[in-house]
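J.: My questions will all concern the structure given below.
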Amino acid sequence: MIEVLIVDDQKTVQEIIKSYIEADPGLELVGCASDGKEAIELIKLHHPHVVLMDIEMPIMDGLEATQIISEQFVNTNVLIITVHNEDTYLDTALQVGAKGYLKKNTPEKELINAI
């Protein structure tokens, strides 16, 4: 069972991704966070295998949180899921430790396969 944490400040996005994860018997949702700081607290509690991380969020953005997660939680992989398509975001995300980069409009099957 792959444990997943969703991190996005938009509740609608959380709910859509949550429905994808809950429909897959090989995945288990361990929680949802609305910013990077909350995500780190939930990772300390649940130790998920995968974090689906938005970039633009209040308090702590996804890139800063990804760097902390990559340094402190080596068994947790971060997949960036964002509306941004610019190479600078992709390059930065990979530099701070993200294992993948997906657009928010990625089809459900592709998202599940990435996890």
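Letters A, B, ... mark the chains of the structure tokens in the order given; residue numbers begin at 1 per chain; ligand numbers begin at 1, in order shown.
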Just the residues within 8 Å of range 21-35 of chain A, please, counting only C-alpha atoms, with nothing from its chain fewer than 2 positions along; format it as number ranges by chain.

T.: A: 1-10, 14, 17-19, 37-39, 42, 46, 48, 57-62, 112

J.: Per DSSP on the backbone, filter chain A down to the residues in strand (DSSP E) and report them as an mmCIF file with N, CA and C atoms, in the first residue's frame.

T.:
data_model
loop_
_atom_site.group_PDB
_atom_site.id
_atom_site.type_symbol
_atom_site.label_atom_id
_atom_site.label_comp_id
_atom_site.auth_asym_id
_atom_site.auth_seq_id
_atom_site.Cartn_x
_atom_site.Cartn_y
_atom_site.Cartn_z
ATOM 1 N N ILE A 2 0.665 2.119 -0.960
ATOM 2 C CA ILE A 2 1.413 3.372 -1.047
ATOM 3 C C ILE A 2 0.622 4.454 -0.317
ATOM 4 N N GLU A 3 1.247 5.054 0.695
ATOM 5 C CA GLU A 3 0.598 6.108 1.478
ATOM 6 C C GLU A 3 0.899 7.467 0.858
ATOM 7 N N VAL A 4 -0.163 8.266 0.687
ATOM 8 C CA VAL A 4 -0.057 9.532 -0.039
ATOM 9 C C VAL A 4 -0.586 10.687 0.811
ATOM 10 N N LEU A 5 0.114 11.811 0.744
ATOM 11 C CA LEU A 5 -0.313 13.059 1.362
ATOM 12 C C LEU A 5 -0.532 14.084 0.249
ATOM 13 N N ILE A 6 -1.662 14.775 0.281
ATOM 14 C CA ILE A 6 -1.961 15.823 -0.691
ATOM 15 C C ILE A 6 -1.684 17.179 -0.041
ATOM 16 N N VAL A 7 -0.957 18.048 -0.753
ATOM 17 C CA VAL A 7 -0.666 19.385 -0.244
ATOM 18 C C VAL A 7 -1.061 20.410 -1.310
ATOM 19 N N LEU A 27 -3.519 2.468 -3.120
ATOM 20 C CA LEU A 27 -3.138 3.740 -2.513
ATOM 21 C C LEU A 27 -3.952 4.002 -1.263
ATOM 22 N N GLU A 28 -3.334 4.687 -0.309
ATOM 23 C CA GLU A 28 -4.027 5.093 0.915
ATOM 24 C C GLU A 28 -3.732 6.560 1.192
ATOM 25 N N LEU A 29 -4.780 7.362 1.325
ATOM 26 C CA LEU A 29 -4.624 8.770 1.651
ATOM 27 C C LEU A 29 -4.406 8.905 3.155
ATOM 28 N N VAL A 30 -3.285 9.558 3.537
ATOM 29 C CA VAL A 30 -3.008 9.741 4.966
ATOM 30 C C VAL A 30 -3.379 11.135 5.449
ATOM 31 N N GLY A 31 -3.663 12.055 4.493
ATOM 32 C CA GLY A 31 -4.072 13.387 4.907
ATOM 33 C C GLY A 31 -3.963 14.404 3.797
ATOM 34 N N CYS A 32 -4.463 15.602 4.118
ATOM 35 C CA CYS A 32 -4.393 16.751 3.211
ATOM 36 C C CYS A 32 -3.870 17.942 4.002
ATOM 37 N N ALA A 33 -3.010 18.722 3.370
ATOM 38 C CA ALA A 33 -2.476 19.934 3.993
ATOM 39 C C ALA A 33 -2.699 21.105 3.049
ATOM 40 N N VAL A 50 4.591 9.103 -0.597
ATOM 41 C CA VAL A 50 4.525 10.106 -1.657
ATOM 42 C C VAL A 50 3.750 11.327 -1.175
ATOM 43 N N VAL A 51 4.276 12.505 -1.524
ATOM 44 C CA VAL A 51 3.579 13.763 -1.268
ATOM 45 C C VAL A 51 3.291 14.403 -2.618
ATOM 46 N N LEU A 52 2.021 14.731 -2.862
ATOM 47 C CA LEU A 52 1.631 15.487 -4.050
ATOM 48 C C LEU A 52 1.608 16.948 -3.634
ATOM 49 N N MET A 53 2.542 17.740 -4.154
ATOM 50 C CA MET A 53 2.818 19.080 -3.638
ATOM 51 C C MET A 53 2.542 20.168 -4.671
ATOM 52 N N ASN A 77 8.893 10.658 -1.046
ATOM 53 C CA ASN A 77 9.120 11.242 -2.367
ATOM 54 C C ASN A 77 8.087 12.330 -2.636
ATOM 55 N N VAL A 78 8.531 13.410 -3.253
ATOM 56 C CA VAL A 78 7.639 14.526 -3.571
ATOM 57 C C VAL A 78 7.412 14.581 -5.073
ATOM 58 N N LEU A 79 6.134 14.630 -5.445
ATOM 59 C CA LEU A 79 5.739 14.898 -6.822
ATOM 60 C C LEU A 79 5.080 16.267 -6.838
ATOM 61 N N ILE A 80 5.620 17.170 -7.621
ATOM 62 C CA ILE A 80 5.020 18.491 -7.754
ATOM 63 C C ILE A 80 3.809 18.359 -8.671
ATOM 64 N N ILE A 81 2.707 18.965 -8.267
ATOM 65 C CA ILE A 81 1.515 19.004 -9.105
ATOM 66 C C ILE A 81 1.045 20.450 -9.131
ATOM 67 N N THR A 82 1.113 21.074 -10.314
ATOM 68 C CA THR A 82 0.954 22.527 -10.413
ATOM 69 C C THR A 82 0.301 22.956 -11.715
ATOM 70 N N GLY A 100 9.245 14.214 -9.416
ATOM 71 C CA GLY A 100 8.438 14.334 -10.618
ATOM 72 C C GLY A 100 7.714 15.655 -10.632
ATOM 73 N N TYR A 101 7.138 15.982 -11.806
ATOM 74 C CA TYR A 101 6.494 17.276 -12.006
ATOM 75 C C TYR A 101 5.309 17.056 -12.927
ATOM 76 N N LEU A 102 4.108 17.288 -12.402
ATOM 77 C CA LEU A 102 2.888 17.057 -13.161
ATOM 78 C C LEU A 102 2.036 18.311 -13.197
ATOM 79 N N LYS A 103 1.267 18.460 -14.268
ATOM 80 C CA LYS A 103 0.304 19.547 -14.353
ATOM 81 C C LYS A 103 -0.966 19.120 -13.613
#

J.: Between CA of Glu108 in chain A and CA of Glu71 in chain A, what is the distance, to one decimal in Å?

T.: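 One can read the CA of Glu108 in chain A to CA of Glu71 in chain A distance as 29.1 Å.
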
J.: Please compute the CA of Ala98 in chain A-CA of Thr66 in chain A distance, one decimal, in Å.

T.: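 Spanning CA of Ala98 in chain A to CA of Thr66 in chain A is a straight-line distance of 6.5 Å.
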
J.: With only C-alpha atoms as the basis for distance, which of A:Glu56, A:Asp91, A:Glu41, A:Glu15 is at the shortest distance from Phe73 in chain A?

T.: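 Once distances to Phe73 in chain A are computed over only C-alpha atoms, the minimum belongs to A:Glu41.
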
J.: Figure out the distance between CA of Gln67 in chain A and CA of Gly97 in chain A, please, to one decimal in Å.

T.: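 About the pair CA of Gly97 in chain A and CA of Gln67 in chain A: they are 5.9 Å apart.
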
J.: Taking only chain A into account, list the residues labelled alpha helix (DSSP H) by DSSP (computed from the backbone), as an MDAnalysis selection string.

T.: chainID A and resid 11:23 36:46 62:72 87:95 108:114

J.: Taking only C-alpha atoms into account, name the residue in A:Lys109, A:Ile55, A:Gln72, A:Lys99 that is nearest to Asn85 in chain A.

T.: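 Closest to Asn85 in chain A of all the choices is A:Ile55.
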